[in-house]
$ cat work-v2.txt   # compact mmCIF, C-alpha atoms
# COMPACT_ATOMS: atom_id res chain seq x y z
CA MET A 1 86.09 124.56 94.00
CA SER A 2 89.87 125.05 94.09
CA SER A 3 91.56 128.45 94.33
CA MET A 4 93.14 127.98 90.90
CA THR A 5 89.79 127.24 89.25
CA ILE A 6 88.14 130.28 90.84
CA SER A 7 91.08 132.48 89.81
CA LEU A 8 90.89 131.29 86.20
CA ILE A 9 87.16 132.04 86.14
CA VAL A 10 87.85 135.50 87.56
CA PHE A 11 90.52 136.11 84.93
CA ALA A 12 88.15 135.04 82.15
CA VAL A 13 85.36 137.33 83.40
CA ILE A 14 87.63 140.36 83.87
CA PHE A 15 89.41 139.98 80.55
CA GLY A 16 86.03 139.28 78.97
CA GLY A 17 84.99 142.72 80.23
CA ALA A 18 87.99 144.23 78.44
CA LEU A 19 87.03 142.45 75.21
CA LEU A 20 83.45 143.68 75.65
CA GLY A 21 84.74 147.23 75.88
CA MET A 22 86.63 146.82 72.59
CA THR A 23 83.46 145.48 70.98
CA LEU A 24 81.40 148.39 72.30
CA ARG A 25 83.91 150.86 70.88
CA ALA A 26 83.37 149.40 67.41
CA LEU A 27 79.57 149.42 67.74
CA LEU A 28 78.88 152.76 69.43
CA PRO A 29 78.29 155.89 67.36
CA GLU A 30 81.16 158.38 67.38
CA HIS A 31 79.33 160.97 69.48
CA HIS A 32 79.10 158.41 72.33
CA LEU A 33 82.91 158.44 72.42
CA SER A 34 83.23 162.21 72.66
CA PRO A 35 85.53 163.85 75.24
CA ASP A 36 82.50 164.77 77.40
CA SER A 37 81.32 161.15 77.47
CA ARG A 38 84.84 160.03 78.19
CA ASP A 39 85.13 162.39 81.17
CA VAL A 40 81.84 161.19 82.68
CA VAL A 41 82.83 157.55 82.29
CA LYS A 42 86.26 158.27 83.80
CA LEU A 43 84.66 159.87 86.85
CA GLY A 44 82.33 156.92 87.38
CA MET A 45 85.06 154.36 86.81
CA GLY A 46 87.35 156.26 89.16
CA LEU A 47 84.80 155.74 91.92
CA ILE A 48 84.41 152.04 91.10
CA GLY A 49 88.20 151.66 90.89
CA THR A 50 88.66 153.24 94.31
CA ILE A 51 86.02 151.01 95.88
CA SER A 52 87.51 147.91 94.23
CA ALA A 53 91.01 148.79 95.44
CA LEU A 54 89.75 149.31 98.99
CA VAL A 55 87.87 146.01 98.95
CA LEU A 56 90.88 144.14 97.57
CA GLY A 57 93.09 145.67 100.24
CA LEU A 58 90.64 144.68 102.98
CA LEU A 59 90.43 141.15 101.60
CA VAL A 60 94.21 140.78 101.58
CA ALA A 61 94.45 142.10 105.16
CA SER A 62 91.62 139.83 106.34
CA ALA A 63 93.07 136.73 104.67
CA LYS A 64 96.56 137.44 106.02
CA SER A 65 95.13 138.01 109.51
CA SER A 66 93.26 134.70 109.34
CA PHE A 67 96.39 132.90 108.12
CA ASP A 68 98.48 134.37 110.93
CA ALA A 69 95.84 133.44 113.52
CA GLN A 70 95.91 129.82 112.33
CA ARG A 71 99.73 129.80 112.38
CA ASN A 72 99.85 131.22 115.92
CA GLY A 73 97.22 128.74 117.04
CA LEU A 74 99.27 125.87 115.64
CA ALA A 75 102.40 127.16 117.38
CA GLN A 76 100.50 127.43 120.70
CA LEU A 77 99.13 123.92 120.24
CA SER A 78 102.63 122.55 119.63
CA ALA A 79 103.99 124.30 122.73
CA ASN A 80 101.17 122.92 124.89
CA LEU A 81 101.85 119.39 123.64
CA VAL A 82 105.50 119.63 124.70
CA LEU A 83 104.46 121.18 128.02
CA LEU A 84 102.02 118.35 128.70
CA ASP A 85 104.72 115.78 128.00
CA ARG A 86 107.09 117.51 130.45
CA ILE A 87 104.34 117.53 133.09
CA PHE A 88 103.96 113.77 132.63
CA ALA A 89 107.73 113.35 132.92
CA HIS A 90 107.78 115.18 136.26
CA TYR A 91 104.73 113.30 137.51
CA GLY A 92 106.58 109.97 137.49
CA LYS A 93 106.42 106.48 136.04
CA GLU A 94 102.67 106.30 136.62
CA SER A 95 102.16 108.61 133.63
CA GLU A 96 104.26 106.59 131.14
CA SER A 97 101.14 105.29 129.42
CA CYS A 98 99.90 108.89 129.07
CA ARG A 99 103.19 109.94 127.45
CA THR A 100 102.98 107.04 125.00
CA GLN A 101 99.40 107.93 124.10
CA LEU A 102 100.35 111.60 123.72
CA ARG A 103 103.07 110.70 121.21
CA GLU A 104 100.62 108.58 119.23
CA LEU A 105 98.16 111.46 119.34
CA VAL A 106 100.68 113.91 117.85
CA THR A 107 101.69 111.40 115.16
CA ASN A 108 98.05 110.97 114.17
CA LEU A 109 97.52 114.74 114.28
CA LEU A 110 100.31 115.27 111.75
CA ALA A 111 98.72 112.70 109.45
CA GLN A 112 95.31 114.38 109.82
CA LEU A 113 96.48 117.94 109.19
CA TRP A 114 98.92 117.11 106.39
CA PRO A 115 97.70 113.86 104.80
CA GLU A 116 99.81 112.21 102.12
CA ASP A 117 96.75 112.18 99.88
CA ARG A 118 96.07 115.90 99.31
CA THR A 119 92.54 115.17 98.04
CA GLU A 120 91.39 114.05 101.50
CA GLY A 121 91.81 117.49 103.07
CA ALA A 122 92.85 118.36 106.61
CA LYS A 123 90.84 117.05 109.59
CA LEU A 124 91.01 119.58 112.41
CA GLU A 125 88.38 118.28 114.80
CA PRO A 126 89.56 116.50 117.99
CA THR A 127 89.30 112.72 117.82
CA ALA A 128 88.18 110.12 120.34
CA ALA A 129 91.85 109.40 121.10
CA SER A 130 92.39 112.94 122.39
CA GLU A 131 89.33 112.64 124.63
CA SER A 132 90.53 109.30 126.00
CA LEU A 133 93.88 110.90 126.90
CA TYR A 134 92.01 113.53 128.92
CA GLU A 135 90.09 110.78 130.71
CA ARG A 136 93.33 108.94 131.44
CA ILE A 137 94.80 112.08 133.01
CA GLN A 138 91.78 112.31 135.32
CA GLU A 139 92.23 108.66 136.31
CA LEU A 140 95.73 109.29 137.67
CA THR A 141 95.89 108.82 141.45
CA PRO A 142 98.29 111.36 143.00
CA ARG A 143 100.23 110.08 146.01
CA ASN A 144 101.45 113.45 147.26
CA GLU A 145 100.83 117.19 146.94
CA SER A 146 103.36 117.57 144.13
CA GLN A 147 101.58 114.99 141.97
CA ARG A 148 98.20 116.61 142.70
CA VAL A 149 99.54 119.93 141.43
CA LEU A 150 101.00 118.25 138.33
CA GLN A 151 97.73 116.43 137.64
CA ALA A 152 95.80 119.70 137.84
CA ALA A 153 98.31 121.31 135.48
CA ALA A 154 97.99 118.36 133.08
CA ILE A 155 94.19 118.65 133.08
CA LYS A 156 94.36 122.38 132.33
CA THR A 157 96.94 121.88 129.57
CA GLY A 158 94.86 119.08 128.09
CA MET A 159 91.84 121.40 128.01
CA ASP A 160 93.95 124.10 126.33
CA ILE A 161 95.00 121.59 123.66
CA ALA A 162 91.39 120.57 123.02
CA GLN A 163 90.35 124.23 122.85
CA ALA A 164 93.13 124.94 120.33
CA ARG A 165 91.99 122.02 118.18
CA TRP A 166 88.38 123.22 118.17
CA LEU A 167 89.50 126.77 117.44
CA LEU A 168 91.50 125.60 114.41
CA SER A 169 88.45 123.68 113.27
CA ALA A 170 86.15 126.70 113.71
CA GLN A 171 88.54 128.94 111.74
CA LYS A 172 88.71 126.52 108.82
CA SER A 173 85.59 127.88 107.12
CA SER A 174 86.24 130.43 104.40
CA ALA A 175 85.66 134.09 105.24
CA LEU A 176 85.29 135.01 101.55
CA GLN A 177 81.63 134.58 100.67
CA ALA A 178 80.46 133.94 97.09
CA PRO A 179 78.15 137.01 96.76
CA PHE A 180 81.00 139.25 97.95
CA LEU A 181 83.36 137.80 95.35
CA ILE A 182 80.76 138.03 92.57
CA VAL A 183 80.13 141.74 93.21
CA LEU A 184 83.86 142.48 93.31
CA VAL A 185 84.49 140.64 90.02
CA PHE A 186 81.56 142.49 88.43
CA TRP A 187 83.08 145.83 89.44
CA LEU A 188 86.44 144.81 87.99
CA ALA A 189 84.87 143.59 84.73
CA VAL A 190 83.05 146.92 84.32
CA LEU A 191 86.27 148.76 85.08
CA PHE A 192 88.23 146.86 82.44
CA ALA A 193 85.43 147.39 79.92
CA SER A 194 85.79 151.15 80.42
CA PHE A 195 89.57 150.91 79.94
CA SER A 196 89.28 149.34 76.51
CA MET A 197 86.21 151.25 75.34
CA PHE A 198 88.06 154.53 74.80
CA ALA A 199 91.39 153.15 73.57
CA LYS A 200 92.07 152.17 69.98
CA PRO A 201 92.65 148.42 69.96
CA ASN A 202 96.23 147.40 69.22
CA ALA A 203 98.74 144.83 70.44
CA THR A 204 100.03 147.06 73.24
CA VAL A 205 96.57 147.76 74.64
CA PHE A 206 95.60 144.10 74.36
CA LEU A 207 98.76 142.91 76.13
CA ALA A 208 98.46 145.55 78.87
CA LEU A 209 94.86 144.60 79.63
CA LEU A 210 95.77 140.91 79.55
CA LEU A 211 98.56 141.39 82.09
CA CYS A 212 96.38 143.58 84.32
CA ALA A 213 93.57 141.02 84.33
CA LEU A 214 96.09 138.28 85.10
CA SER A 215 97.51 140.33 87.98
CA VAL A 216 94.07 140.89 89.53
CA ALA A 217 93.26 137.18 89.21
CA ALA A 218 96.60 136.36 90.84
CA ALA A 219 95.77 138.70 93.74
CA LEU A 220 92.46 136.91 94.29
CA PHE A 221 94.28 133.58 94.05
CA LEU A 222 96.60 134.64 96.89
CA ILE A 223 93.60 135.77 98.97
CA LEU A 224 91.86 132.43 98.47
CA GLU A 225 95.03 130.48 99.28
CA LEU A 226 95.66 132.43 102.50
CA ASP A 227 92.04 131.79 103.45
CA ARG A 228 92.68 128.01 103.24
CA PRO A 229 95.87 127.51 105.29
CA PHE A 230 95.67 123.70 105.40
CA ASP A 231 94.77 123.19 101.74
CA GLY A 232 96.12 124.36 98.40
CA MET A 233 99.56 125.62 97.44
CA ILE A 234 100.16 128.06 100.33
CA GLN A 235 99.96 125.94 103.47
CA LEU A 236 100.92 126.31 107.07
CA SER A 237 104.23 124.63 107.85
CA SER A 238 104.17 121.40 109.84
CA ASP A 239 107.57 122.21 111.40
CA PRO A 240 106.20 123.39 114.81
CA LEU A 241 104.31 120.14 115.28
CA ARG A 242 107.21 118.01 114.02
CA ARG A 243 109.60 119.75 116.39
CA ALA A 244 107.15 119.13 119.22
CA LEU A 245 106.99 115.44 118.27
CA ALA A 246 110.79 115.24 118.38
CA GLN A 247 110.74 116.58 121.96
CA LEU A 248 108.17 114.11 123.28
CA GLY A 249 109.44 111.28 125.42
CA ARG A 250 112.79 112.88 126.23
$ encode --input "work-v2.txt" --output "structure tokens"
Amino acid sequence: MSSMTISLIVFAVIFGGALLGMTLRALLPEHHLSPDSRDVVKLGMGLIGTISALVLGLLVASAKSSFDAQRNGLAQLSANLVLLDRIFAHYGKESESCRTQLRELVTNLLAQLWPEDRTEGAKLEPTAASESLYERIQELTPRNESQRVLQAAAIKTGMDIAQARWLLSAQKSSALQAPFLIVLVFWLAVLFASFSMFAKPNATVFLALLLCALSVAAALFLILELDRPFDGMIQLSSDPLRRALAQLGR
């Protein structure tokens, strides 16, 4: 389910809670809306509001941390690709086929992470082509000590690239679990119901609750988008990998 769809559902549930509160105000006897009842409800809703705010803050921090980790991992991957190409360049003409394969690998990687057809989704797992490049590095036959050192460096860099690919793949899964989101939305719906239950319904109250519910749904939308850095509207930039591709073969 897309982030936009989930956010719209959240908005409907939260604003539905506000409408439920207005309905309860019309149905409840007057003594249920007394100042004493209002104070008790305010105390309880204050606790729920504090918990909800803390949870929302933690979700934002967690999603931003995950997004930054993916961005840093992509930057490290791009740097290692350029480094591997430079190692091949210093190794000599024997590694020309490796450099050509590396360039093809980066071109395919760009197409996998940012496909033209957005419905396909990003493919982060290493492919057979990346494994064959690693095998080709091992097949190089150094003729002197310098080439042996460069081959060892190429093997290590190739392993770092594979590790970065698998790490990006492992971090793709969403950290926001459905039960967690359901409980949070329930708290917010109850909170909005309490807001409208003790206020006389009018256009100002209705508009204020509508905007507040929309703002909360927008916050959850941002959290969901940051949690999916290769899909949706807020994506990681492909510039690091494109700049790396431009440096290959020089």
$ residues_around --input "work-v2.txt" --residues "stretch 206-216 of chain A" --least-positions-apart "6" --cutoff "8 Å" --atoms "all atoms listed in the file" --output "list in words"
Phe11, Ile14, Phe15, Ala18, Phe192 and Ser196 of chain A
$ write_last_selection --input "work-v2.txt" --atoms "C-alpha atoms" --output "compact mmCIF listing (two decimals), in the frame of the given file"
# COMPACT_ATOMS: atom_id res chain seq x y z
CA PHE A 11 90.52 136.11 84.93
CA ILE A 14 87.63 140.36 83.87
CA PHE A 15 89.41 139.98 80.55
CA ALA A 18 87.99 144.23 78.44
CA PHE A 192 88.23 146.86 82.44
CA SER A 196 89.28 149.34 76.51
$ closest_residue --input "work-v2.txt" --among "A:Phe195, A:Tyr134, A:Phe230, A:Trp187" --to "A:Gln70" --atoms "only C-alpha atoms"
A:Phe230
$ atom_distance --input "work-v2.txt" --atom1 "atom CA of A:Gln171" --atom2 "atom CA of A:Leu226"
12.2 Å
$ closest_residue --input "work-v2.txt" --among "A:Ser97, A:Thr50, A:Asn108, A:Ser78" --to "A:Asp239" --atoms "only C-alpha atoms"
A:Ser78
$ atom_distance --input "work-v2.txt" --atom1 "atom CA of A:Lys42" --atom2 "atom CA of A:Arg25"
15.1 Å
$ closest_residue --input "work-v2.txt" --among "A:Ile48, A:Val190, A:Leu133, A:Ala75" --to "A:Thr100" --atoms "only C-alpha atoms"
A:Leu133
$ residues_near_point --input "work-v2.txt" --point "(100.1, 122.2, 110.3)" --cutoff "10 Å" --atoms "only C-alpha atoms" --output "VMD selection string"
chain A and resid 70 to 71 73 to 75 78 109 to 114 122 124 229 to 230 235 to 242
$ residues_around --input "work-v2.txt" --residues "A:Leu181" --least-positions-apart "5" --cutoff "12 Å" --atoms "all atoms listed in the file" --output "ChimeraX atom specification"
/A:6-7,9-10,52,55-56,59,175-176,186-188,217,220-221,223-224
$ residues_near_point --input "work-v2.txt" --point "(94.4, 132.1, 105.6)" --cutoff "7 Å" --atoms "only C-alpha atoms" --output "list in words"
Ala63, Lys64, Ser66, Phe67, Glu225, Leu226, Asp227, Arg228 and Pro229 of chain A
$ axis_aligned_box --input "work-v2.txt" --around "stretch 80-83 of chain A" --padding-each-side "4 Å" --output "JSON"
{"center_x": 103.3, "center_y": 121.2, "center_z": 125.8, "size_x": 12.3, "size_y": 11.5, "size_z": 12.4}
$ decode --input "work-v2.txt" --residues "stretch 43-96 of chain A" --atoms "C-alpha atoms" --output "short mmCIF file (atom, residue, chain, number, x, y, z; two decimals), in the first residue's frame"
data_model
loop_
_atom_site.label_atom_id
_atom_site.label_comp_id
_atom_site.auth_asym_id
_atom_site.auth_seq_id
_atom_site.Cartn_x
_atom_site.Cartn_y
_atom_site.Cartn_z
CA LEU A 43 -6.35 14.93 32.20
CA GLY A 44 -6.70 11.59 30.43
CA MET A 45 -6.38 13.12 26.98
CA GLY A 46 -3.35 15.09 28.12
CA LEU A 47 -1.63 11.80 28.92
CA ILE A 48 -2.62 10.28 25.57
CA GLY A 49 -1.55 13.46 23.76
CA THR A 50 1.86 13.39 25.42
CA ILE A 51 2.40 9.73 24.55
CA SER A 52 1.27 10.33 20.95
CA ALA A 53 3.60 13.30 20.57
CA LEU A 54 6.54 11.29 21.92
CA VAL A 55 5.79 8.38 19.60
CA LEU A 56 5.46 10.69 16.58
CA GLY A 57 8.75 12.34 17.45
CA LEU A 58 10.48 8.96 17.77
CA LEU A 59 9.02 7.83 14.45
CA VAL A 60 10.27 10.95 12.69
CA ALA A 61 13.75 10.54 14.21
CA SER A 62 13.85 6.83 13.32
CA ALA A 63 12.69 7.40 9.74
CA LYS A 64 15.16 10.24 9.22
CA SER A 65 17.98 8.13 10.68
CA SER A 66 17.10 5.26 8.32
CA PHE A 67 16.97 7.64 5.34
CA ASP A 68 20.35 9.13 6.22
CA ALA A 69 21.87 5.66 6.65
CA GLN A 70 20.68 4.68 3.16
CA ARG A 71 22.02 7.95 1.71
CA ASN A 72 25.42 7.48 3.37
CA GLY A 73 25.53 3.88 2.20
CA LEU A 74 24.84 4.96 -1.37
CA ALA A 75 27.56 7.61 -1.17
CA GLN A 76 30.05 5.03 0.17
CA LEU A 77 29.07 2.60 -2.59
CA SER A 78 29.65 5.29 -5.25
CA ALA A 79 33.06 6.16 -3.80
CA ASN A 80 34.11 2.49 -3.77
CA LEU A 81 33.07 2.09 -7.41
CA VAL A 82 35.31 4.99 -8.45
CA LEU A 83 38.12 3.65 -6.26
CA LEU A 84 37.87 0.21 -7.87
CA ASP A 85 38.06 1.75 -11.33
CA ARG A 86 41.21 3.69 -10.35
CA ILE A 87 42.76 0.48 -9.01
CA PHE A 88 42.11 -1.17 -12.36
CA ALA A 89 43.64 1.82 -14.15
CA HIS A 90 46.85 1.52 -12.11
CA TYR A 91 46.95 -2.25 -12.55
CA GLY A 92 47.48 -1.96 -16.31
CA LYS A 93 45.97 -3.01 -19.62
CA GLU A 94 45.25 -6.50 -18.30
CA SER A 95 42.31 -5.08 -16.32
CA GLU A 96 40.63 -3.26 -19.24
#
